[in-house]
>>> print(open('final.cif').read())   # mmCIF, C-alpha atoms (C1' of nucleotides)
data_structure
#
loop_
_atom_site.label_atom_id
_atom_site.label_comp_id
_atom_site.auth_asym_id
_atom_site.auth_seq_id
_atom_site.Cartn_x
_atom_site.Cartn_y
_atom_site.Cartn_z
CA MET A 10 0.00 0.00 0.00
CA ASN A 11 1.44 3.35 -0.92
CA GLY A 12 1.39 6.41 1.27
CA GLU A 13 -1.55 8.07 -0.41
CA ASP A 14 -3.73 5.01 -0.08
CA GLN A 15 -2.77 4.70 3.54
CA ALA A 16 -3.56 8.32 4.25
CA ALA A 17 -6.91 7.99 2.50
CA VAL A 18 -8.00 4.97 4.46
CA ILE A 19 -6.86 6.42 7.78
CA SER A 20 -8.64 9.67 7.10
CA ALA A 21 -11.81 7.88 6.17
CA VAL A 22 -11.69 5.72 9.27
CA LEU A 23 -10.97 8.65 11.56
CA ALA A 24 -13.83 10.63 10.06
CA GLY A 25 -16.12 7.67 10.61
CA SER A 26 -14.90 7.47 14.17
CA ARG A 27 -15.87 11.08 14.81
CA LEU A 28 -19.28 10.53 13.31
CA LEU A 29 -19.91 7.46 15.44
CA VAL A 30 -18.83 9.26 18.57
CA ALA A 31 -21.20 12.10 17.74
CA ILE A 32 -24.01 9.58 17.38
CA ALA A 33 -23.16 8.06 20.74
CA ALA A 34 -23.15 11.50 22.33
CA ARG A 35 -26.55 12.36 20.95
CA SER A 36 -28.00 9.03 22.00
CA LEU A 37 -26.92 9.78 25.57
CA GLY A 38 -28.27 13.29 25.54
CA ALA A 39 -31.84 12.20 26.03
CA VAL A 40 -31.11 10.71 29.45
CA ALA A 41 -28.36 13.10 30.46
CA ASP A 42 -30.57 14.57 33.16
CA ARG A 43 -31.12 11.15 34.75
CA VAL A 44 -27.73 9.43 34.62
CA THR A 45 -24.13 10.46 34.04
CA VAL A 46 -22.00 8.76 31.42
CA PRO A 47 -20.15 6.52 33.88
CA GLN A 48 -23.46 5.55 35.42
CA PHE A 49 -24.84 4.66 32.02
CA ARG A 50 -21.82 2.48 31.37
CA MET A 51 -22.60 0.57 34.55
CA LEU A 52 -26.20 0.12 33.47
CA VAL A 53 -25.06 -1.22 30.10
CA VAL A 54 -22.78 -3.75 31.74
CA LEU A 55 -25.62 -4.93 33.94
CA SER A 56 -27.88 -5.10 30.92
CA GLY A 57 -25.59 -7.56 29.20
CA HIS A 58 -24.18 -9.33 32.21
CA GLY A 59 -27.08 -9.88 34.57
CA GLU A 60 -26.34 -10.10 38.28
CA THR A 61 -22.86 -8.82 38.95
CA LYS A 62 -20.76 -8.48 42.08
CA LEU A 63 -18.84 -5.33 42.81
CA VAL A 64 -15.34 -6.54 41.99
CA THR A 65 -16.44 -7.97 38.67
CA MET A 66 -18.21 -4.76 37.80
CA ALA A 67 -15.11 -2.75 38.62
CA GLU A 68 -13.06 -4.98 36.32
CA LEU A 69 -15.57 -4.73 33.49
CA LEU A 70 -15.64 -0.95 33.76
CA ASP A 71 -11.90 -0.77 34.37
CA VAL A 72 -12.28 1.38 37.46
CA ASN A 73 -11.25 1.00 41.08
CA SER A 74 -13.64 -0.97 43.25
CA SER A 75 -14.23 2.07 45.42
CA THR A 76 -15.37 4.00 42.36
CA ALA A 77 -17.74 1.22 41.36
CA MET A 78 -18.93 1.09 44.96
CA ARG A 79 -20.02 4.70 45.06
CA MET A 80 -21.52 4.63 41.60
CA ALA A 81 -23.58 1.63 42.64
CA ASP A 82 -24.68 3.51 45.74
CA ARG A 83 -25.92 6.42 43.65
CA LEU A 84 -27.67 4.23 41.10
CA ALA A 85 -29.35 2.33 43.92
CA ALA A 86 -30.45 5.60 45.49
CA ALA A 87 -31.89 6.60 42.12
CA GLY A 88 -33.78 3.33 41.91
CA LEU A 89 -32.03 2.14 38.75
CA VAL A 90 -30.27 -0.86 40.32
CA VAL A 91 -30.74 -3.02 43.39
CA ARG A 92 -28.06 -4.64 45.51
CA GLU A 93 -28.49 -7.66 47.74
CA VAL A 94 -26.10 -9.95 49.55
CA ASN A 95 -25.41 -13.23 47.80
CA PRO A 96 -26.85 -15.89 50.13
CA LEU A 97 -24.30 -18.38 48.79
CA ASN A 98 -21.36 -16.17 49.70
CA ARG A 99 -22.07 -13.48 52.21
CA ARG A 100 -18.95 -11.53 51.26
CA GLU A 101 -20.48 -10.71 47.90
CA SER A 102 -23.41 -8.49 47.11
CA LEU A 103 -24.95 -8.86 43.70
CA MET A 104 -26.34 -5.96 41.79
CA ARG A 105 -28.88 -5.95 38.97
CA LEU A 106 -31.02 -3.58 36.92
CA THR A 107 -34.46 -2.48 38.01
CA ASP A 108 -37.14 -2.14 35.36
CA GLU A 109 -36.47 1.56 35.39
CA GLY A 110 -32.76 1.01 34.81
CA ARG A 111 -33.42 -1.32 31.93
CA ARG A 112 -35.76 1.20 30.40
CA ILE A 113 -32.99 3.76 30.27
CA VAL A 114 -30.57 1.37 28.59
CA ASP A 115 -33.18 0.34 26.05
CA GLN A 116 -34.05 3.92 25.30
CA VAL A 117 -30.47 4.92 24.54
CA THR A 118 -29.76 1.76 22.58
CA ALA A 119 -32.85 2.25 20.47
CA ARG A 120 -31.96 5.82 19.75
CA ARG A 121 -28.45 4.92 18.68
CA ARG A 122 -29.70 2.20 16.36
CA ASP A 123 -32.27 4.57 14.94
CA GLU A 124 -29.62 7.13 14.14
CA ILE A 125 -27.43 4.59 12.40
CA ALA A 126 -30.43 3.23 10.55
CA ALA A 127 -31.28 6.73 9.39
CA ILE A 128 -27.79 7.21 8.04
CA VAL A 129 -27.58 3.92 6.19
CA SER A 130 -31.05 4.51 4.79
CA ARG A 131 -29.55 7.46 2.93
CA MET A 132 -27.02 5.15 1.26
CA SER A 133 -27.72 3.16 -1.87
CA PRO A 134 -28.30 -0.60 -1.49
CA ALA A 135 -24.93 -1.24 -3.09
CA GLU A 136 -23.25 1.12 -0.68
CA ARG A 137 -24.97 -0.54 2.25
CA GLN A 138 -23.80 -3.95 1.15
CA ALA A 139 -20.29 -2.63 0.70
CA LEU A 140 -20.42 -1.06 4.16
CA VAL A 141 -21.32 -4.36 5.80
CA SER A 142 -18.50 -6.16 4.02
CA ALA A 143 -15.95 -3.47 4.70
CA MET A 144 -16.86 -3.04 8.36
CA THR A 145 -16.85 -6.77 8.90
CA ALA A 146 -13.40 -7.06 7.39
CA PHE A 147 -12.21 -4.11 9.46
CA ASN A 148 -13.62 -5.58 12.64
CA GLU A 149 -12.03 -8.94 11.98
CA ALA A 150 -8.68 -7.38 11.18
CA GLY A 151 -8.87 -5.42 14.43
CA GLY A 152 -10.19 -8.27 16.50
CA GLU A 153 -7.63 -8.56 19.29
CA PRO A 154 -4.57 -6.81 18.03
CA ALA A 155 -1.36 -5.49 19.48
CA ALA A 156 -2.47 -5.03 23.07
CA PRO A 157 -4.31 -8.15 24.18
CA THR A 158 -4.13 -7.22 27.85
CA LEU A 159 -6.27 -4.15 27.29
CA ARG A 160 -9.81 -5.39 27.02
CA ALA A 161 -11.15 -1.95 26.27
CA GLY A 162 -14.00 -1.97 23.82
CA SER A 163 -15.50 -5.20 24.99
CA HIS A 164 -18.74 -3.52 25.90
CA PRO A 165 -21.34 -1.75 23.81
CA LEU A 166 -21.26 1.80 25.03
CA GLY A 167 -21.06 5.41 24.10
CA TRP A 168 -19.35 8.54 25.24
CA PRO A 169 -20.15 12.12 24.79
CA GLU A 170 -17.74 14.11 22.82
CA ALA A 171 -17.04 17.63 21.71
CA MET B 30 -33.97 -2.71 2.80
CA ASN B 31 -35.40 -5.66 4.71
CA GLY B 32 -35.05 -6.23 8.42
CA GLU B 33 -32.21 -8.68 8.19
CA ASP B 34 -30.12 -6.39 6.06
CA GLN B 35 -30.80 -3.53 8.41
CA ALA B 36 -29.82 -5.58 11.43
CA ALA B 37 -26.64 -6.73 9.70
CA VAL B 38 -25.49 -3.25 8.80
CA ILE B 39 -26.31 -1.85 12.23
CA SER B 40 -24.47 -4.67 13.94
CA ALA B 41 -21.45 -4.19 11.74
CA VAL B 42 -21.39 -0.46 12.36
CA LEU B 43 -21.83 -0.84 16.11
CA ALA B 44 -19.03 -3.39 16.24
CA GLY B 45 -16.81 -1.01 14.32
CA SER B 46 -17.75 1.72 16.75
CA ARG B 47 -16.61 -0.40 19.68
CA LEU B 48 -13.34 -1.19 17.96
CA LEU B 49 -12.64 2.45 17.20
CA VAL B 50 -13.40 3.46 20.76
CA ALA B 51 -11.01 0.79 21.99
CA ILE B 52 -8.33 2.21 19.71
CA ALA B 53 -8.97 5.69 21.05
CA ALA B 54 -8.72 4.41 24.61
CA ARG B 55 -5.41 2.69 23.97
CA SER B 56 -4.00 5.73 22.22
CA LEU B 57 -4.77 7.77 25.33
CA GLY B 58 -3.32 5.22 27.69
CA ALA B 59 0.24 6.19 26.95
CA VAL B 60 -0.25 9.69 28.35
CA ALA B 61 -2.84 8.84 30.98
CA ASP B 62 -0.35 9.63 33.74
CA ARG B 63 0.23 13.14 32.37
CA VAL B 64 -3.21 14.37 31.32
CA THR B 65 -6.80 13.39 31.93
CA VAL B 66 -9.20 12.82 29.07
CA PRO B 67 -10.90 16.23 29.37
CA GLN B 68 -7.48 17.86 29.50
CA PHE B 69 -6.44 16.03 26.37
CA ARG B 70 -9.56 17.24 24.61
CA MET B 71 -8.56 20.79 25.44
CA LEU B 72 -5.09 20.20 24.05
CA VAL B 73 -6.58 18.81 20.83
CA VAL B 74 -8.76 21.86 20.39
CA LEU B 75 -5.77 24.12 20.88
CA SER B 76 -3.80 22.02 18.43
CA GLY B 77 -6.31 22.64 15.68
CA HIS B 78 -7.48 26.10 16.66
CA GLY B 79 -4.41 28.05 17.69
CA GLU B 80 -4.82 30.83 20.21
CA THR B 81 -8.18 30.55 21.89
CA LYS B 82 -9.94 32.59 24.53
CA LEU B 83 -11.70 30.94 27.41
CA VAL B 84 -15.30 31.38 26.32
CA THR B 85 -14.57 30.02 22.86
CA MET B 86 -12.79 27.05 24.35
CA ALA B 87 -15.74 26.33 26.62
CA GLU B 88 -18.06 26.39 23.62
CA LEU B 89 -15.83 24.12 21.57
CA LEU B 90 -15.62 21.62 24.41
CA ASP B 91 -19.28 22.09 25.31
CA VAL B 92 -18.55 22.71 28.97
CA ASN B 93 -19.26 25.58 31.34
CA SER B 94 -16.72 28.37 31.26
CA SER B 95 -15.85 27.73 34.88
CA THR B 96 -14.95 24.16 33.98
CA ALA B 97 -12.75 25.32 31.12
CA MET B 98 -11.24 27.90 33.44
CA ARG B 99 -10.03 25.37 35.96
CA MET B 100 -8.86 22.92 33.33
CA ALA B 101 -6.80 25.69 31.79
CA ASP B 102 -5.36 26.49 35.21
CA ARG B 103 -4.22 22.91 35.67
CA LEU B 104 -2.78 22.60 32.18
CA ALA B 105 -0.92 25.86 32.70
CA ALA B 106 0.42 24.61 36.02
CA ALA B 107 1.57 21.47 34.22
CA GLY B 108 3.34 23.54 31.59
CA LEU B 109 1.26 22.24 28.69
CA VAL B 110 -0.42 25.55 27.83
CA VAL B 111 0.28 29.22 28.43
CA ARG B 112 -2.25 31.97 28.99
CA GLU B 113 -1.71 35.65 28.42
CA VAL B 114 -3.98 38.65 28.30
CA ASN B 115 -4.93 39.77 24.82
CA PRO B 116 -3.34 43.23 24.46
CA LEU B 117 -6.10 44.18 22.02
CA ASN B 118 -8.85 43.40 24.52
CA ARG B 119 -7.81 43.16 28.10
CA ARG B 120 -10.93 41.26 29.08
CA GLU B 121 -9.76 38.28 27.12
CA SER B 122 -6.86 36.00 27.85
CA LEU B 123 -5.66 33.82 25.01
CA MET B 124 -4.34 30.35 25.60
CA ARG B 125 -2.08 28.26 23.39
CA LEU B 126 -0.08 25.05 23.46
CA THR B 127 3.47 24.88 24.69
CA ASP B 128 5.91 22.64 22.84
CA GLU B 129 5.37 20.08 25.54
CA GLY B 130 1.61 20.24 25.08
CA ARG B 131 1.93 19.82 21.34
CA ARG B 132 4.20 16.85 21.85
CA ILE B 133 1.49 15.07 23.81
CA VAL B 134 -1.13 15.67 21.14
CA ASP B 135 1.22 14.49 18.42
CA GLN B 136 2.13 11.39 20.37
CA VAL B 137 -1.46 10.31 20.85
CA THR B 138 -2.43 11.16 17.28
CA ALA B 139 0.48 9.20 15.90
CA ARG B 140 -0.35 6.22 18.03
CA ARG B 141 -3.95 6.23 16.92
CA ARG B 142 -2.99 6.43 13.26
CA ASP B 143 -0.48 3.65 13.76
CA GLU B 144 -3.10 1.40 15.24
CA ILE B 145 -5.50 2.02 12.39
CA ALA B 146 -2.70 1.52 9.89
CA ALA B 147 -1.84 -1.79 11.52
CA ILE B 148 -5.41 -2.96 11.22
CA VAL B 149 -5.88 -1.98 7.60
CA SER B 150 -2.54 -3.53 6.76
CA ARG B 151 -4.08 -6.86 7.71
CA MET B 152 -6.80 -6.37 5.11
CA SER B 153 -6.44 -7.22 1.45
CA PRO B 154 -5.98 -4.35 -1.02
CA ALA B 155 -9.49 -4.94 -2.30
CA GLU B 156 -10.89 -4.78 1.21
CA ARG B 157 -8.98 -1.59 1.88
CA GLN B 158 -10.37 0.04 -1.22
CA ALA B 159 -13.86 -1.10 -0.28
CA LEU B 160 -13.37 0.29 3.23
CA VAL B 161 -12.45 3.73 1.93
CA SER B 162 -15.47 3.80 -0.36
CA ALA B 163 -17.86 2.52 2.26
CA MET B 164 -16.63 4.81 5.02
CA THR B 165 -16.72 7.79 2.70
CA ALA B 166 -20.31 7.03 1.77
CA PHE B 167 -21.21 6.51 5.41
CA ASN B 168 -19.59 9.77 6.45
CA GLU B 169 -21.35 11.68 3.72
CA ALA B 170 -24.69 10.12 4.58
CA GLY B 171 -24.17 11.09 8.20
CA GLY B 172 -22.79 14.54 7.48
CA GLU B 173 -25.07 16.83 9.45
CA PRO B 174 -28.19 14.83 10.10
CA ALA B 175 -31.19 15.08 12.36
CA ALA B 176 -29.75 17.31 15.06
CA PRO B 177 -27.94 20.22 13.45
CA THR B 178 -27.78 22.22 16.67
CA LEU B 179 -25.61 19.61 18.32
CA ARG B 180 -22.15 20.12 16.96
CA ALA B 181 -20.79 17.09 18.79
CA GLY B 182 -18.17 15.23 16.85
CA SER B 183 -16.56 18.28 15.37
CA HIS B 184 -13.27 17.50 17.02
CA PRO B 185 -10.88 14.61 16.57
CA LEU B 186 -10.77 13.01 19.96
CA GLY B 187 -10.98 9.82 21.87
CA TRP B 188 -12.52 8.51 25.03
CA PRO B 189 -11.70 5.64 27.24
CA GLU B 190 -14.15 2.87 27.38
CA ALA B 191 -14.92 -0.34 29.15
"C1'" DC C 3 -20.74 59.66 32.05
"C1'" DC C 4 -24.14 55.81 32.32
"C1'" DA C 5 -26.25 51.55 31.14
"C1'" DC C 6 -25.36 47.29 29.19
"C1'" DA C 7 -22.77 43.37 27.37
"C1'" DT C 8 -18.66 40.48 27.42
"C1'" DT C 9 -15.17 38.03 29.75
"C1'" DC C 10 -12.96 36.02 33.29
"C1'" DT C 11 -12.93 34.50 37.99
"C1'" DT C 12 -14.37 32.42 42.34
"C1'" DG C 13 -17.63 30.04 45.76
"C1'" DC C 14 -20.45 26.16 46.26
"C1'" DA C 15 -22.24 21.49 45.52
"C1'" DG C 16 -22.31 17.01 43.47
"C1'" DT C 17 -19.99 13.28 40.79
"C1'" DA C 18 -15.88 10.45 39.35
"C1'" DT C 19 -11.52 8.62 40.33
"C1'" DG C 20 -7.56 6.05 42.65
"C1'" DC C 21 -4.93 4.63 46.74
"C1'" DA C 22 -4.70 2.83 51.20
"C1'" DA C 23 -6.51 0.94 55.30
"C1'" DC C 24 -10.00 -1.77 57.50
"C1'" DA C 25 -13.69 -5.37 58.74
"C1'" DT C 26 -16.08 -9.36 57.35
"C1'" DT C 27 -16.30 -13.73 55.23
"C1'" DA C 28 -14.43 -17.78 53.01
"C1'" DG C 29 -10.99 -21.19 52.25
"C1'" DT C 30 -6.84 -23.94 53.58
"C1'" DG C 31 -3.54 -26.38 56.04
"C1'" DA C 32 -1.80 -28.01 60.36
"C1'" DT D 15 -10.51 -26.65 65.71
"C1'" DC D 16 -7.29 -22.86 64.97
"C1'" DA D 17 -4.30 -19.81 62.63
"C1'" DC D 18 -3.05 -17.97 58.26
"C1'" DT D 19 -4.29 -16.28 53.85
"C1'" DA D 20 -7.34 -14.66 50.21
"C1'" DA D 21 -11.43 -12.39 48.55
"C1'" DT D 22 -14.85 -8.81 49.05
"C1'" DG D 23 -16.89 -4.85 50.29
"C1'" DT D 24 -16.52 -0.44 52.63
"C1'" DT D 25 -14.75 4.05 54.10
"C1'" DG D 26 -11.31 8.08 54.49
"C1'" DC D 27 -8.63 11.07 51.87
"C1'" DA D 28 -7.11 13.70 47.94
"C1'" DT D 29 -7.72 15.29 43.18
"C1'" DA D 30 -10.29 16.27 38.94
"C1'" DC D 31 -14.58 17.38 36.28
"C1'" DT D 32 -18.96 19.56 36.14
"C1'" DG D 33 -22.63 23.30 36.33
"C1'" DC D 34 -24.87 27.28 38.54
"C1'" DA D 35 -24.62 31.71 40.44
"C1'" DA D 36 -22.48 35.82 41.76
"C1'" DG D 37 -19.05 39.16 41.24
"C1'" DA D 38 -15.04 42.03 39.21
"C1'" DA D 39 -12.81 43.97 35.25
"C1'" DT D 40 -13.22 45.60 30.75
"C1'" DG D 41 -15.29 47.23 26.56
"C1'" DT D 42 -19.32 49.50 23.81
"C1'" DG D 43 -23.09 52.56 22.64
"C1'" DG D 44 -25.84 56.15 23.88
#
>>> encode(input="final.cif", output="structure tokens")
Amino acid sequence: MNGEDQAAVISAVLAGSRLLVAIAARSLGAVADRVTVPQFRMLVVLSGHGETKLVTMAELLDVNSSTAMRMADRLAAAGLVVREVNPLNRRESLMRLTDEGRRIVDQVTARRRDEIAAIVSRMSPAERQALVSAMTAFNEAGGEPAAPTLRAGSHPLGWPEA
Amino acid sequence: MNGEDQAAVISAVLAGSRLLVAIAARSLGAVADRVTVPQFRMLVVLSGHGETKLVTMAELLDVNSSTAMRMADRLAAAGLVVREVNPLNRRESLMRLTDEGRRIVDQVTARRRDEIAAIVSRMSPAERQALVSAMTAFNEAGGEPAAPTLRAGSHPLGWPEA
DNA sequence: CCACATTCTTGCAGTATGCAACATTAGTGA
DNA sequence: TCACTAATGTTGCATACTGCAAGAATGTGG
């Protein structure tokens, strides 16, 4: 691959990255008055992971357990999660989504999908097909690359951005 | 477009989104001990915008001016930016990158481009060409869509993710 | 000169974050 | 059974990010 090709593909990918981040930011905006971004991340993990103990949650979010602790406290106070001691191991306390918490996750997820759907609907069928193929190839090529220890990106989330 | 096609393209795009966010997170990791993510965003804005007054910076980052104020204070204390009163308008104080600040931005940018380059290098030339076309079409289709007031995504950044 | 707008700054409150220390509970080996 | 160790949650402390509100300094238009 020559330099021009490389620059073109990197530019295109970076531009796509900015667009996707903007979509994620907008999808969060609707619930910004109810949960913060870190709190939403915790809700998403619970949505895909079911009952989760504190240490596991901290690992999944890649934060200190004390951080996860206080976030869980606030989400519990807001009625979006519940925490109860695991009867099988009284050291652990398991946390899970309330209906209200799940509603928030679903709302944001739906909005994000809608936005992507709206964009791809503006593309021709051929372009759509090409997009699926190209993104699939890109995702496979980037599967678990240089830094296998960093498990960042394992979870379906979104972050606000400027 | 039928439902299956739609689901396939959305899944592919969302997976790509996760991968790109993971790349952004790793690219930030190298400087995580020197600047926080919001601080890095400010450096990126300065990198592309030159001398900037506080209010403008706050708008570009979409934060309150008091937030931008204190971030600027910390970056100045760290020697990554300098602030000086605008002689043409003594209300304003303009801020700009130091060499050290620019070095950090360049380092992260280079790392991100390297990671993307490494991924596309694992794709076949045909796949690469298809990726450029597909991403270009996607970016154009998503140019300035439903929410024109939200200018999120205008800046080339990255956010850590779980 | 006066009224108003712009800009920066600071006080206050709440959230996020990591480190370190601690108590409780579980497991393990003598 | 008892002591040692590990796992887990919790809290104290310090720093950073965030917005709102109030105030000071400066500029602008009359």
>>> atom_distance(input="final.cif", atom1="CA of Glu144 (chain B)", atom2="CA of Leu90 (chain B)")
25.5 Å
>>> interface_residues(input="final.cif", of="chain B", to="chain D", cutoff="7 Å", atoms="all atoms listed in the file", output="list in words")
Asn93, Thr96, Arg119 and Arg120 of chain B
>>> atom_distance(input="final.cif", atom1="C1' of DG31 (chain C)", atom2="CA of Asn98 (chain A)")
21.5 Å
>>> calpha_fit_and_write(input="final.cif", fixed="chain B", moving="chain A", output="compact mmCIF listing (two decimals) with C-alpha atoms, in the frame of the given file")
# COMPACT_ATOMS: atom_id res chain seq x y z
CA MET A 10 -34.04 -2.53 2.80
CA ASN A 11 -35.44 -5.49 4.66
CA GLY A 12 -35.11 -6.08 8.36
CA GLU A 13 -32.27 -8.56 8.12
CA ASP A 14 -30.17 -6.26 6.00
CA GLN A 15 -30.82 -3.43 8.39
CA ALA A 16 -29.86 -5.50 11.39
CA ALA A 17 -26.68 -6.64 9.65
CA VAL A 18 -25.53 -3.17 8.79
CA ILE A 19 -26.33 -1.79 12.23
CA SER A 20 -24.51 -4.62 13.92
CA ALA A 21 -21.49 -4.15 11.73
CA VAL A 22 -21.41 -0.42 12.37
CA LEU A 23 -21.84 -0.83 16.11
CA ALA A 24 -19.06 -3.40 16.23
CA GLY A 25 -16.83 -1.01 14.32
CA SER A 26 -17.74 1.70 16.77
CA ARG A 27 -16.60 -0.42 19.70
CA LEU A 28 -13.35 -1.23 17.98
CA LEU A 29 -12.64 2.42 17.23
CA VAL A 30 -13.39 3.42 20.79
CA ALA A 31 -11.01 0.74 22.03
CA ILE A 32 -8.32 2.15 19.75
CA ALA A 33 -8.93 5.63 21.09
CA ALA A 34 -8.69 4.35 24.65
CA ARG A 35 -5.40 2.63 24.01
CA SER A 36 -3.97 5.66 22.26
CA LEU A 37 -4.71 7.71 25.37
CA GLY A 38 -3.26 5.17 27.74
CA ALA A 39 0.30 6.15 27.01
CA VAL A 40 -0.18 9.65 28.40
CA ALA A 41 -2.75 8.79 31.03
CA ASP A 42 -0.27 9.59 33.78
CA ARG A 43 0.30 13.11 32.41
CA VAL A 44 -3.14 14.35 31.38
CA THR A 45 -6.74 13.36 32.01
CA VAL A 46 -9.14 12.77 29.15
CA PRO A 47 -10.85 16.17 29.43
CA GLN A 48 -7.45 17.81 29.54
CA PHE A 49 -6.39 15.97 26.42
CA ARG A 50 -9.53 17.16 24.66
CA MET A 51 -8.54 20.73 25.46
CA LEU A 52 -5.06 20.14 24.09
CA VAL A 53 -6.53 18.73 20.88
CA VAL A 54 -8.74 21.76 20.42
CA LEU A 55 -5.76 24.05 20.88
CA SER A 56 -3.78 21.93 18.46
CA GLY A 57 -6.28 22.53 15.70
CA HIS A 58 -7.49 25.96 16.66
CA GLY A 59 -4.41 27.92 17.68
CA GLU A 60 -4.84 30.73 20.18
CA THR A 61 -8.20 30.44 21.84
CA LYS A 62 -10.01 32.51 24.45
CA LEU A 63 -11.76 30.89 27.36
CA VAL A 64 -15.36 31.29 26.21
CA THR A 65 -14.59 29.90 22.79
CA MET A 66 -12.80 26.95 24.31
CA ALA A 67 -15.75 26.24 26.57
CA GLU A 68 -18.06 26.26 23.55
CA LEU A 69 -15.80 23.97 21.54
CA LEU A 70 -15.59 21.51 24.41
CA ASP A 71 -19.25 21.96 25.28
CA VAL A 72 -18.54 22.63 28.93
CA ASN A 73 -19.26 25.51 31.28
CA SER A 74 -16.76 28.34 31.19
CA SER A 75 -15.89 27.72 34.82
CA THR A 76 -14.96 24.15 33.96
CA ALA A 77 -12.77 25.30 31.09
CA MET A 78 -11.28 27.90 33.41
CA ARG A 79 -10.07 25.39 35.96
CA MET A 80 -8.88 22.93 33.36
CA ALA A 81 -6.83 25.69 31.79
CA ASP A 82 -5.41 26.53 35.20
CA ARG A 83 -4.26 22.95 35.70
CA LEU A 84 -2.81 22.61 32.22
CA ALA A 85 -0.95 25.89 32.70
CA ALA A 86 0.38 24.66 36.03
CA ALA A 87 1.56 21.51 34.26
CA GLY A 88 3.32 23.58 31.64
CA LEU A 89 1.26 22.24 28.73
CA VAL A 90 -0.45 25.54 27.84
CA VAL A 91 0.21 29.22 28.41
CA ARG A 92 -2.33 31.96 28.96
CA GLU A 93 -1.80 35.65 28.34
CA VAL A 94 -4.10 38.64 28.18
CA ASN A 95 -5.04 39.73 24.68
CA PRO A 96 -3.49 43.20 24.30
CA LEU A 97 -6.23 44.10 21.81
CA ASN A 98 -9.01 43.30 24.26
CA ARG A 99 -8.00 43.17 27.86
CA ARG A 100 -11.12 41.24 28.84
CA GLU A 101 -9.86 38.22 26.95
CA SER A 102 -6.94 35.99 27.73
CA LEU A 103 -5.71 33.77 24.96
CA MET A 104 -4.40 30.32 25.57
CA ARG A 105 -2.11 28.21 23.40
CA LEU A 106 -0.08 25.00 23.47
CA THR A 107 3.47 24.87 24.73
CA ASP A 108 5.92 22.65 22.89
CA GLU A 109 5.38 20.09 25.60
CA GLY A 110 1.61 20.21 25.11
CA ARG A 111 1.95 19.78 21.39
CA ARG A 112 4.23 16.83 21.92
CA ILE A 113 1.54 15.04 23.87
CA VAL A 114 -1.09 15.63 21.20
CA ASP A 115 1.26 14.44 18.48
CA GLN A 116 2.17 11.36 20.43
CA VAL A 117 -1.42 10.26 20.91
CA THR A 118 -2.40 11.11 17.35
CA ALA A 119 0.51 9.15 15.97
CA ARG A 120 -0.32 6.16 18.07
CA ARG A 121 -3.94 6.17 16.98
CA ARG A 122 -2.98 6.39 13.32
CA ASP A 123 -0.47 3.62 13.80
CA GLU A 124 -3.10 1.35 15.28
CA ILE A 125 -5.51 1.98 12.44
CA ALA A 126 -2.72 1.51 9.93
CA ALA A 127 -1.86 -1.81 11.54
CA ILE A 128 -5.44 -2.97 11.23
CA VAL A 129 -5.91 -1.96 7.62
CA SER A 130 -2.56 -3.50 6.77
CA ARG A 131 -4.12 -6.84 7.69
CA MET A 132 -6.86 -6.31 5.09
CA SER A 133 -6.49 -7.16 1.43
CA PRO A 134 -6.00 -4.27 -1.02
CA ALA A 135 -9.52 -4.82 -2.31
CA GLU A 136 -10.91 -4.70 1.19
CA ARG A 137 -9.00 -1.52 1.91
CA GLN A 138 -10.37 0.14 -1.18
CA ALA A 139 -13.86 -0.97 -0.27
CA LEU A 140 -13.38 0.37 3.26
CA VAL A 141 -12.45 3.82 1.98
CA SER A 142 -15.47 3.93 -0.31
CA ALA A 143 -17.86 2.63 2.29
CA MET A 144 -16.63 4.89 5.08
CA THR A 145 -16.71 7.89 2.81
CA ALA A 146 -20.28 7.16 1.83
CA PHE A 147 -21.20 6.60 5.48
CA ASN A 148 -19.57 9.84 6.54
CA GLU A 149 -21.31 11.79 3.82
CA ALA A 150 -24.67 10.26 4.65
CA GLY A 151 -24.14 11.18 8.30
CA GLY A 152 -22.73 14.60 7.61
CA GLU A 153 -25.05 16.89 9.56
CA PRO A 154 -28.15 14.88 10.18
CA ALA A 155 -31.18 15.11 12.40
CA ALA A 156 -29.75 17.29 15.14
CA PRO A 157 -27.92 20.20 13.55
CA THR A 158 -27.76 22.16 16.79
CA LEU A 159 -25.58 19.52 18.40
CA ARG A 160 -22.11 20.07 17.03
CA ALA A 161 -20.73 17.06 18.84
CA GLY A 162 -18.11 15.23 16.88
CA SER A 163 -16.62 18.27 15.28
CA HIS A 164 -13.26 17.61 16.84
CA PRO A 165 -10.79 14.78 16.42
CA LEU A 166 -10.65 13.16 19.80
CA GLY A 167 -10.82 9.97 21.73
CA TRP A 168 -12.32 8.64 24.89
CA PRO A 169 -11.45 5.77 27.06
CA GLU A 170 -13.95 3.07 27.30
CA ALA A 171 -14.63 -0.17 29.08
>>> closest_residue(input="final.cif", among="C:DT11, C:DC24, C:DT19, C:DA32", to="Thr65 (chain B)", atoms="all atoms listed in the file")
C:DT19
>>> atom_distance(input="final.cif", atom1="CA of Leu37 (chain A)", atom2="CA of Val50 (chain B)")
15.7 Å
>>> residues_around(input="final.cif", residues="Ala163 (chain B)", least_positions_apart="3", cutoff="10 Å", atoms="all atoms listed in the file", output="JSON, numbers by chain")
{"A": [21, 22, 25, 132, 135, 136, 137, 138, 139, 140, 141, 142, 143, 144], "B": [157, 158, 159, 160, 166, 167, 168, 169]}
>>> decode(input="final.cif", residues="region 131-138 of chain A", atoms="C-alpha atoms", output="short mmCIF file (atom, residue, chain, number, x, y, z; two decimals), in the first residue's frame")
data_model
loop_
_atom_site.label_atom_id
_atom_site.label_comp_id
_atom_site.auth_asym_id
_atom_site.auth_seq_id
_atom_site.Cartn_x
_atom_site.Cartn_y
_atom_site.Cartn_z
CA ARG A 131 -29.55 7.46 2.93
CA MET A 132 -27.02 5.15 1.26
CA SER A 133 -27.72 3.16 -1.87
CA PRO A 134 -28.30 -0.60 -1.49
CA ALA A 135 -24.93 -1.24 -3.09
CA GLU A 136 -23.25 1.12 -0.68
CA ARG A 137 -24.97 -0.54 2.25
CA GLN A 138 -23.80 -3.95 1.15
#
